[in-house]
file entry_36.cif (mmCIF, C-alpha atoms)
data_coords
loop_
_atom_site.group_PDB
_atom_site.id
_atom_site.type_symbol
_atom_site.label_atom_id
_atom_site.label_comp_id
_atom_site.auth_asym_id
_atom_site.auth_seq_id
_atom_site.Cartn_x
_atom_site.Cartn_y
_atom_site.Cartn_z
ATOM 1 C CA MET A 2 26.443 -1.751 20.176
ATOM 2 C CA ASP A 3 27.339 -5.362 20.930
ATOM 3 C CA PRO A 4 28.802 -7.586 18.180
ATOM 4 C CA PHE A 5 25.574 -9.557 17.642
ATOM 5 C CA ASN A 6 23.469 -6.428 17.130
ATOM 6 C CA GLN A 7 26.129 -5.191 14.735
ATOM 7 C CA LEU A 8 25.729 -8.458 12.848
ATOM 8 C CA ILE A 9 21.941 -8.018 12.661
ATOM 9 C CA LEU A 10 22.371 -4.464 11.393
ATOM 10 C CA ALA A 11 24.837 -5.719 8.792
ATOM 11 C CA ILE A 12 22.385 -8.434 7.696
ATOM 12 C CA SER A 13 19.576 -5.887 7.353
ATOM 13 C CA VAL A 14 21.760 -3.566 5.295
ATOM 14 C CA ALA A 15 23.054 -6.455 3.174
ATOM 15 C CA SER A 16 19.460 -7.616 2.668
ATOM 16 C CA PHE A 17 18.428 -4.131 1.532
ATOM 17 C CA ILE A 18 21.321 -3.894 -0.935
ATOM 18 C CA THR A 19 20.766 -7.438 -2.222
ATOM 19 C CA PHE A 20 17.074 -6.900 -2.931
ATOM 20 C CA GLN A 21 17.811 -3.565 -4.630
ATOM 21 C CA LEU A 22 20.350 -5.275 -6.884
ATOM 22 C CA LEU A 23 17.936 -8.103 -7.615
ATOM 23 C CA PHE A 24 15.241 -5.604 -8.587
ATOM 24 C CA HIS A 25 17.355 -3.293 -10.733
ATOM 25 C CA TYR A 26 19.665 -5.805 -12.420
ATOM 26 C CA VAL A 27 19.237 -9.527 -11.761
ATOM 27 C CA SER A 28 15.480 -9.921 -12.261
ATOM 28 C CA SER A 29 15.438 -8.373 -15.749
ATOM 29 C CA TRP A 30 18.574 -10.264 -16.816
ATOM 30 C CA VAL A 31 17.110 -13.612 -15.762
ATOM 31 C CA SER A 32 13.559 -12.881 -16.940
ATOM 32 C CA ILE A 33 14.659 -12.054 -20.490
ATOM 33 C CA ARG A 34 16.305 -15.478 -20.717
ATOM 34 C CA ILE A 35 13.526 -17.614 -19.225
ATOM 35 C CA SER A 36 10.408 -15.750 -20.376
ATOM 36 C CA PRO A 37 10.222 -14.335 -23.942
ATOM 37 C CA GLY A 38 7.081 -12.438 -22.965
ATOM 38 C CA PHE A 39 9.062 -10.186 -20.618
ATOM 39 C CA GLN A 40 10.473 -8.107 -23.484
ATOM 40 C CA LYS A 41 6.963 -7.359 -24.751
ATOM 41 C CA LEU A 42 5.917 -5.710 -21.487
ATOM 42 C CA ASN A 43 5.718 -1.947 -21.136
ATOM 43 C CA GLU A 44 7.859 -0.073 -18.609
ATOM 44 C CA LYS A 45 5.280 -0.109 -15.793
ATOM 45 C CA GLN A 46 4.691 -3.835 -16.237
ATOM 46 C CA LYS A 47 8.431 -4.546 -16.148
ATOM 47 C CA ILE A 48 8.731 -2.594 -12.893
ATOM 48 C CA GLU A 49 5.969 -4.644 -11.285
ATOM 49 C CA TRP A 50 7.389 -7.856 -12.756
ATOM 50 C CA ASN A 51 10.761 -7.199 -11.121
ATOM 51 C CA SER A 52 9.093 -6.207 -7.856
ATOM 52 C CA ARG A 53 7.110 -9.438 -7.742
ATOM 53 C CA THR A 54 10.142 -11.539 -8.689
ATOM 54 C CA VAL A 55 12.077 -10.105 -5.742
ATOM 55 C CA SER A 56 9.024 -10.555 -3.511
ATOM 56 C CA THR A 57 8.822 -14.251 -4.416
ATOM 57 C CA LEU A 58 12.501 -14.844 -3.677
ATOM 58 C CA HIS A 59 12.223 -13.107 -0.292
ATOM 59 C CA ALA A 60 9.121 -15.134 0.589
ATOM 60 C CA LEU A 61 10.830 -18.458 -0.120
ATOM 61 C CA VAL A 62 13.998 -17.592 1.824
ATOM 62 C CA VAL A 63 12.353 -16.299 5.005
ATOM 63 C CA GLY A 64 9.484 -18.788 4.820
ATOM 64 C CA ILE A 65 11.813 -21.792 4.876
ATOM 65 C CA PHE A 66 13.864 -20.223 7.681
ATOM 66 C CA CYS A 67 10.636 -19.553 9.579
ATOM 67 C CA VAL A 68 9.521 -23.190 9.426
ATOM 68 C CA TYR A 69 12.918 -24.347 10.648
ATOM 69 C CA ILE A 70 12.643 -22.047 13.682
ATOM 70 C CA LEU A 71 9.079 -23.159 14.453
ATOM 71 C CA PHE A 72 10.083 -26.816 14.483
ATOM 72 C CA PHE A 73 13.596 -26.737 15.908
ATOM 73 C CA ASP A 74 14.103 -23.600 18.003
ATOM 74 C CA ASP A 75 13.051 -24.887 21.446
ATOM 75 C CA ALA A 76 13.989 -21.681 23.273
ATOM 76 C CA VAL A 77 11.534 -19.613 21.223
ATOM 77 C CA ASN A 78 8.721 -22.168 21.333
ATOM 78 C CA GLU A 79 8.972 -22.698 25.091
ATOM 79 C CA ASP A 80 9.142 -18.981 25.928
ATOM 80 C CA PRO A 81 7.360 -17.048 23.140
ATOM 81 C CA VAL A 82 7.849 -13.643 24.789
ATOM 82 C CA TRP A 83 11.392 -13.723 26.160
ATOM 83 C CA GLY A 84 12.967 -16.787 24.532
ATOM 84 C CA ASP A 85 16.399 -16.549 22.892
ATOM 85 C CA PRO A 86 15.697 -14.492 19.732
ATOM 86 C CA THR A 87 19.002 -15.213 17.970
ATOM 87 C CA LEU A 88 17.657 -17.108 14.934
ATOM 88 C CA VAL A 89 14.479 -15.036 14.778
ATOM 89 C CA LYS A 90 16.530 -11.832 14.671
ATOM 90 C CA LEU A 91 18.503 -13.179 11.722
ATOM 91 C CA ASN A 92 15.287 -13.942 9.824
ATOM 92 C CA VAL A 93 13.609 -10.674 10.792
ATOM 93 C CA GLY A 94 16.797 -8.820 9.787
ATOM 94 C CA ILE A 95 16.462 -10.230 6.265
ATOM 95 C CA THR A 96 12.787 -9.251 6.162
ATOM 96 C CA THR A 97 13.484 -5.765 7.510
ATOM 97 C CA GLY A 98 15.988 -5.110 4.728
ATOM 98 C CA TYR A 99 13.458 -6.342 2.184
ATOM 99 C CA LEU A 100 10.562 -4.272 3.575
ATOM 100 C CA ILE A 101 12.599 -1.058 3.565
ATOM 101 C CA SER A 102 13.818 -1.834 0.046
ATOM 102 C CA ASP A 103 10.263 -2.517 -1.142
ATOM 103 C CA LEU A 104 8.899 0.631 0.513
ATOM 104 C CA LEU A 105 11.543 2.696 -1.237
ATOM 105 C CA LEU A 106 10.611 1.154 -4.590
ATOM 106 C CA ILE A 107 6.886 1.622 -3.957
ATOM 107 C CA PHE A 108 7.334 5.327 -3.289
ATOM 108 C CA TYR A 109 9.800 5.856 -6.146
ATOM 109 C CA TYR A 110 7.673 3.949 -8.684
ATOM 110 C CA TRP A 111 4.314 4.893 -7.189
ATOM 111 C CA LYS A 112 2.527 5.169 -10.557
ATOM 112 C CA ALA A 113 3.550 1.612 -11.413
ATOM 113 C CA ILE A 114 3.395 -0.281 -8.100
ATOM 114 C CA GLY A 115 2.032 2.211 -5.561
ATOM 115 C CA ASP A 116 -0.478 0.653 -3.172
ATOM 116 C CA LYS A 117 -1.602 2.235 0.092
ATOM 117 C CA PHE A 118 -2.423 -1.149 1.635
ATOM 118 C CA PHE A 119 1.106 -2.400 1.042
ATOM 119 C CA VAL A 120 2.474 0.765 2.625
ATOM 120 C CA VAL A 121 0.298 0.213 5.724
ATOM 121 C CA HIS A 122 1.272 -3.474 5.791
ATOM 122 C CA HIS A 123 5.006 -2.740 5.569
ATOM 123 C CA MET A 124 4.897 0.051 8.139
ATOM 124 C CA ALA A 125 2.930 -2.072 10.626
ATOM 125 C CA ALA A 126 5.395 -4.940 10.209
ATOM 126 C CA LEU A 127 8.439 -2.674 10.595
ATOM 127 C CA TYR A 128 6.929 -1.108 13.722
ATOM 128 C CA ALA A 129 6.590 -4.537 15.322
ATOM 129 C CA TYR A 130 9.986 -5.754 14.109
ATOM 130 C CA TYR A 131 11.663 -2.733 15.701
ATOM 131 C CA TYR A 132 10.950 -4.266 19.108
ATOM 132 C CA VAL A 133 12.123 -7.683 17.986
ATOM 133 C CA LEU A 134 15.444 -6.425 16.647
ATOM 134 C CA GLY A 135 16.007 -3.688 19.207
ATOM 135 C CA GLN A 136 14.887 -5.450 22.384
ATOM 136 C CA GLY A 137 14.567 -9.127 21.456
ATOM 137 C CA LEU A 138 10.877 -9.199 22.412
ATOM 138 C CA LEU A 139 8.213 -11.648 21.244
ATOM 139 C CA PRO A 140 10.409 -13.812 18.990
ATOM 140 C CA TYR A 141 7.806 -16.593 18.640
ATOM 141 C CA PHE A 142 5.082 -14.221 17.454
ATOM 142 C CA ALA A 143 7.398 -12.320 15.120
ATOM 143 C CA ASN A 144 8.523 -15.563 13.510
ATOM 144 C CA PHE A 145 4.972 -16.947 13.361
ATOM 145 C CA ARG A 146 3.963 -13.914 11.308
ATOM 146 C CA LEU A 147 6.482 -14.851 8.643
ATOM 147 C CA LEU A 148 4.499 -18.007 7.854
ATOM 148 C CA ALA A 149 2.273 -15.715 5.813
ATOM 149 C CA GLU A 150 5.069 -15.359 3.242
ATOM 150 C CA PHE A 151 4.328 -18.830 1.864
ATOM 151 C CA SER A 152 1.249 -17.443 0.096
ATOM 152 C CA THR A 153 3.254 -14.787 -1.757
ATOM 153 C CA PRO A 154 4.706 -16.933 -4.613
ATOM 154 C CA CYS A 155 1.238 -18.075 -5.734
ATOM 155 C CA VAL A 156 -0.156 -14.540 -5.535
ATOM 156 C CA ASN A 157 2.712 -13.294 -7.692
ATOM 157 C CA GLN A 158 2.420 -16.207 -10.101
ATOM 158 C CA ARG A 159 -1.226 -15.301 -10.689
ATOM 159 C CA TRP A 160 -0.098 -11.852 -11.832
ATOM 160 C CA PHE A 161 2.641 -13.342 -14.043
ATOM 161 C CA PHE A 162 0.089 -15.583 -15.795
ATOM 162 C CA GLU A 163 -2.281 -12.655 -16.273
ATOM 163 C CA ILE A 164 0.340 -10.285 -17.701
ATOM 164 C CA LEU A 165 1.658 -12.994 -20.070
ATOM 165 C CA GLY A 166 -1.823 -13.472 -21.485
ATOM 166 C CA TYR A 167 -2.754 -16.842 -20.023
ATOM 167 C CA PRO A 168 -6.559 -17.261 -20.145
ATOM 168 C CA LYS A 169 -8.191 -17.404 -16.720
ATOM 169 C CA SER A 170 -9.693 -20.731 -17.735
ATOM 170 C CA SER A 171 -6.293 -22.259 -18.596
ATOM 171 C CA SER A 172 -5.154 -25.231 -16.536
ATOM 172 C CA PRO A 173 -1.998 -23.522 -15.121
ATOM 173 C CA ASN A 174 -4.058 -20.496 -14.066
ATOM 174 C CA ILE A 175 -6.776 -22.578 -12.433
ATOM 175 C CA ALA A 176 -4.265 -24.806 -10.631
ATOM 176 C CA ASN A 177 -2.339 -21.798 -9.339
ATOM 177 C CA GLY A 178 -5.564 -20.043 -8.332
ATOM 178 C CA ILE A 179 -6.744 -22.987 -6.265
ATOM 179 C CA MET A 180 -3.311 -23.408 -4.693
ATOM 180 C CA MET A 181 -3.164 -19.682 -3.937
ATOM 181 C CA ALA A 182 -6.554 -19.685 -2.197
ATOM 182 C CA VAL A 183 -5.746 -22.809 -0.172
ATOM 183 C CA ILE A 184 -2.254 -21.715 0.917
ATOM 184 C CA PHE A 185 -3.374 -18.151 1.668
ATOM 185 C CA PHE A 186 -6.163 -19.511 3.854
ATOM 186 C CA LEU A 187 -3.879 -21.968 5.654
ATOM 187 C CA VAL A 188 -0.987 -19.601 6.452
ATOM 188 C CA ARG A 189 -2.923 -16.361 7.028
ATOM 189 C CA ILE A 190 -6.455 -17.223 8.144
ATOM 190 C CA ALA A 191 -6.547 -20.756 9.564
ATOM 191 C CA VAL A 192 -3.561 -20.031 11.820
ATOM 192 C CA MET A 193 -5.299 -17.103 13.519
ATOM 193 C CA PRO A 194 -6.844 -19.221 16.314
ATOM 194 C CA VAL A 195 -3.404 -20.685 17.077
ATOM 195 C CA TYR A 196 -1.755 -17.270 17.050
ATOM 196 C CA TYR A 197 -4.353 -15.490 19.154
ATOM 197 C CA GLY A 198 -4.776 -18.493 21.409
ATOM 198 C CA ARG A 199 -1.075 -18.328 22.228
ATOM 199 C CA MET A 200 -1.385 -14.579 22.691
ATOM 200 C CA TYR A 201 -4.305 -15.061 25.088
ATOM 201 C CA SER A 202 -2.349 -17.641 27.087
ATOM 202 C CA ILE A 203 0.389 -15.038 27.631
ATOM 203 C CA TYR A 204 -1.970 -12.202 28.598
ATOM 204 C CA GLY A 205 -1.867 -11.396 32.309
ATOM 205 C CA THR A 206 1.244 -13.457 33.023
ATOM 206 C CA GLU A 207 4.495 -12.150 34.471
ATOM 207 C CA ALA A 208 6.075 -12.359 31.016
ATOM 208 C CA PHE A 209 3.316 -10.124 29.634
ATOM 209 C CA TYR A 210 3.677 -7.456 32.317
ATOM 210 C CA ARG A 211 7.442 -7.332 31.807
ATOM 211 C CA LEU A 212 6.753 -5.960 28.325
ATOM 212 C CA SER A 213 6.827 -2.207 27.928
ATOM 213 C CA PHE A 214 3.664 -0.401 26.876
ATOM 214 C CA GLY A 215 5.229 0.198 23.479
ATOM 215 C CA GLY A 216 6.040 -3.487 23.104
ATOM 216 C CA ARG A 217 2.491 -4.531 23.953
ATOM 217 C CA SER A 218 1.043 -1.940 21.588
ATOM 218 C CA ALA A 219 3.317 -3.005 18.735
ATOM 219 C CA TRP A 220 2.415 -6.642 19.291
ATOM 220 C CA ILE A 221 -1.351 -6.286 19.589
ATOM 221 C CA CYS A 222 -2.016 -3.364 17.242
ATOM 222 C CA SER A 223 0.176 -4.602 14.405
ATOM 223 C CA SER A 224 -1.325 -8.103 14.690
ATOM 224 C CA ILE A 225 -4.872 -6.793 14.408
ATOM 225 C CA CYS A 226 -3.962 -4.402 11.596
ATOM 226 C CA LEU A 227 -2.249 -7.120 9.566
ATOM 227 C CA ASP A 228 -5.052 -9.624 10.078
ATOM 228 C CA VAL A 229 -7.762 -7.161 9.063
ATOM 229 C CA MET A 230 -5.923 -6.790 5.753
ATOM 230 C CA ASN A 231 -5.450 -10.557 5.509
ATOM 231 C CA VAL A 232 -9.207 -11.095 5.866
ATOM 232 C CA MET A 233 -9.892 -8.452 3.205
ATOM 233 C CA TRP A 234 -7.387 -10.041 0.826
ATOM 234 C CA MET A 235 -8.769 -13.532 1.532
ATOM 235 C CA HIS A 236 -12.240 -12.318 0.627
ATOM 236 C CA LYS A 237 -10.980 -10.989 -2.718
ATOM 237 C CA ILE A 238 -8.993 -14.147 -3.448
ATOM 238 C CA ALA A 239 -11.931 -16.413 -2.609
ATOM 239 C CA ARG A 240 -14.273 -14.424 -4.848
ATOM 240 C CA GLY A 241 -11.749 -14.479 -7.687
ATOM 241 C CA CYS A 242 -11.161 -18.220 -7.323
ATOM 242 C CA TYR A 243 -14.904 -18.892 -7.287
ATOM 243 C CA LYS A 244 -15.447 -16.843 -10.462
ATOM 244 C CA VAL A 245 -12.648 -18.639 -12.312
ATOM 245 C CA LEU A 246 -13.922 -22.094 -11.305
ATOM 246 C CA ARG A 247 -17.468 -21.117 -12.197
ATOM 247 C CA SER A 248 -16.506 -19.797 -15.644
ATOM 248 C CA SER A 249 -14.308 -22.846 -16.272
ATOM 249 C CA ARG A 250 -17.161 -25.205 -15.394
ATOM 250 C CA LYS A 251 -19.526 -23.223 -17.622
ATOM 251 C CA LEU A 252 -17.050 -23.416 -20.501
ATOM 252 C CA LYS A 253 -16.737 -27.207 -20.132
ATOM 253 C CA VAL A 254 -20.516 -27.593 -20.180
ATOM 254 C CA GLU A 255 -20.777 -25.486 -23.339
ATOM 255 C CA ILE A 256 -18.059 -27.540 -25.043
ATOM 256 C CA GLN A 257 -19.812 -30.783 -24.087
ATOM 257 C CA GLU A 258 -23.166 -29.489 -25.332
ATOM 258 C CA ASN A 259 -21.673 -28.325 -28.624
ATOM 259 C CA GLY A 260 -20.015 -31.700 -28.992
ATOM 260 C CA LYS A 261 -23.366 -33.459 -28.524
ATOM 261 C CA ILE A 262 -25.027 -31.168 -31.084
ATOM 262 C CA ASP A 263 -22.348 -31.938 -33.638
#
call {"tool": "encode", "arguments": {"input": "entry_36.cif", "output": "structure tokens"}}
result
Amino acid sequence: MDPFNQLILAISVASFITFQLLFHYVSSWVSIRISPGFQKLNEKQKIEWNSRTVSTLHALVVGIFCVYILFFDDAVNEDPVWGDPTLVKLNVGITTGYLISDLLLIFYYWKAIGDKFFVVHHMAALYAYYYVLGQGLLPYFANFRLLAEFSTPCVNQRWFFEILGYPKSSSPNIANGIMMAVIFFLVRIAVMPVYYGRMYSIYGTEAFYRLSFGGRSAWICSSICLDVMNVMWMHKIARGCYKVLRSSRKLKVEIQENGKID
């Protein structure tokens, strides 16, 4: 194994260990000090709280790194299939460590945070990332996928508000709900034409045919699998956001009417 691949392996392992430590020790220690409501949670809720805290941290780290690569890594942007994957491998290495760590926690604490869709999502992503880390294939598309992580903090914050007892009609909840729907749509749904348009432009070219059958399958199948789930999740988020806005508007009307009666 060459020194760079050893470095990527070390980063993945370090990422795994770091996220395990954050889950088991750091999250609870910090949460007790910044959120009094954490101590009132039951054991299952604390497990999910810590899982979502770690998820948010991972999303911010790799998301920022992802944007940097998209804007400043010319080698990847000019050759999306075979461009120099150095920076992308570093970012994907961090994500790989996190995904394996999260899968382990999901299986171990299945009654608290088990979710078959997350298992499918993680496995599909790891399958695709195997080709990125092992063969340096498709760095642009692998990195582009990580844009989706920007929606994760808002999704997690929605759960935090709910578990802490914030009313759905409260201003923080409504603001986060709107932000969550908008960001989720922008980074997971609206970008689909760009992603698949770039994929289509590669199809049939020399760069495409240089890919192994396994590489093509990982690229296409995992993309479709992930986006089917993204559309399903977007549908749920949109419905939830609509219900909250509708109930909030109804509540304001009732308050105004009661005020007029008084």
call {"tool": "atom_distance", "arguments": {"input": "entry_36.cif", "atom1": "CA of Leu8 (chain A)", "atom2": "CA of Leu100 (chain A)"}}
result
18.3 Å
call {"tool": "atom_distance", "arguments": {"input": "entry_36.cif", "atom1": "CA of His122 (chain A)", "atom2": "CA of Ile101 (chain A)"}}
result
11.8 Å
call {"tool": "residues_around", "arguments": {"input": "entry_36.cif", "residues": "Ser56 (chain A)", "least_positions_apart": "2", "cutoff": "12 Å", "atoms": "only C-alpha atoms", "output": "PyMOL selection string"}}
result
chain A and resi 20-21+23-24+28+49-54+58-64+96+99-100+102-104+106+150-158
call {"tool": "axis_aligned_box", "arguments": {"input": "entry_36.cif", "around": "region 137-146 of chain A", "padding_each_side": "8 Å", "output": "lines of an AutoDock Vina configuration file"}}
result
center_x = 9.3
center_y = -13.0
center_z = 16.9
size_x = 26.6
size_y = 23.8
size_z = 27.1
call {"tool": "atom_distance", "arguments": {"input": "entry_36.cif", "atom1": "CA of Ile12 (chain A)", "atom2": "CA of Leu91 (chain A)"}}
result
7.3 Å
call {"tool": "closest_residue", "arguments": {"input": "entry_36.cif", "among": "A:Leu165, A:Cys67, A:Val82, A:Ala125", "to": "Gln46 (chain A)", "atoms": "all atoms listed in the file"}}
result
A:Leu165
call {"tool": "resolve_selection", "arguments": {"input": "entry_36.cif", "expression": "the PyMOL selection byres ((chain A and resi 185-193) around 12)", "output": "ChimeraX atom specification"}}
result
/A:64,68,142,145-156,177-184,194-201,224-225,227-239,242
call {"tool": "resolve_selection", "arguments": {"input": "entry_36.cif", "expression": "the PyMOL selection byres ((chain A and resi 212-216) around 10)", "output": "list in words"}}
result
Val82, Trp83, Tyr128, Ala129, Tyr131, Tyr132, Val133, Gln136, Leu138, Leu139, Glu207, Ala208, Phe209, Tyr210, Arg211, Arg217, Ser218, Ala219, Trp220, Ile221 and Cys222 of chain A
call {"tool": "closest_residue", "arguments": {"input": "entry_36.cif", "among": "A:Glu163, A:Val120, A:Ala126, A:Gly94", "to": "Phe17 (chain A)", "atoms": "only C-alpha atoms"}}
result
A:Gly94
call {"tool": "closest_residue", "arguments": {"input": "entry_36.cif", "among": "A:Val245, A:Ala143, A:Val55, A:Val31", "to": "Leu71 (chain A)", "atoms": "only C-alpha atoms"}}
result
A:Ala143
call {"tool": "resolve_selection", "arguments": {"input": "entry_36.cif", "expression": "the PyMOL selection byres ((chain A and resi 74) around 10)", "output": "list in words"}}
result
Cys67, Val68, Tyr69, Ile70, Leu71, Phe72, Phe73, Asp75, Ala76, Val77, Asn78, Glu79, Gly84, Asp85, Pro86, Thr87, Leu88, Val89 and Tyr141 of chain A
call {"tool": "closest_residue", "arguments": {"input": "entry_36.cif", "among": "A:Cys226, A:Lys244, A:Lys47, A:Ala113", "to": "Trp30 (chain A)", "atoms": "only C-alpha atoms"}}
result
A:Lys47
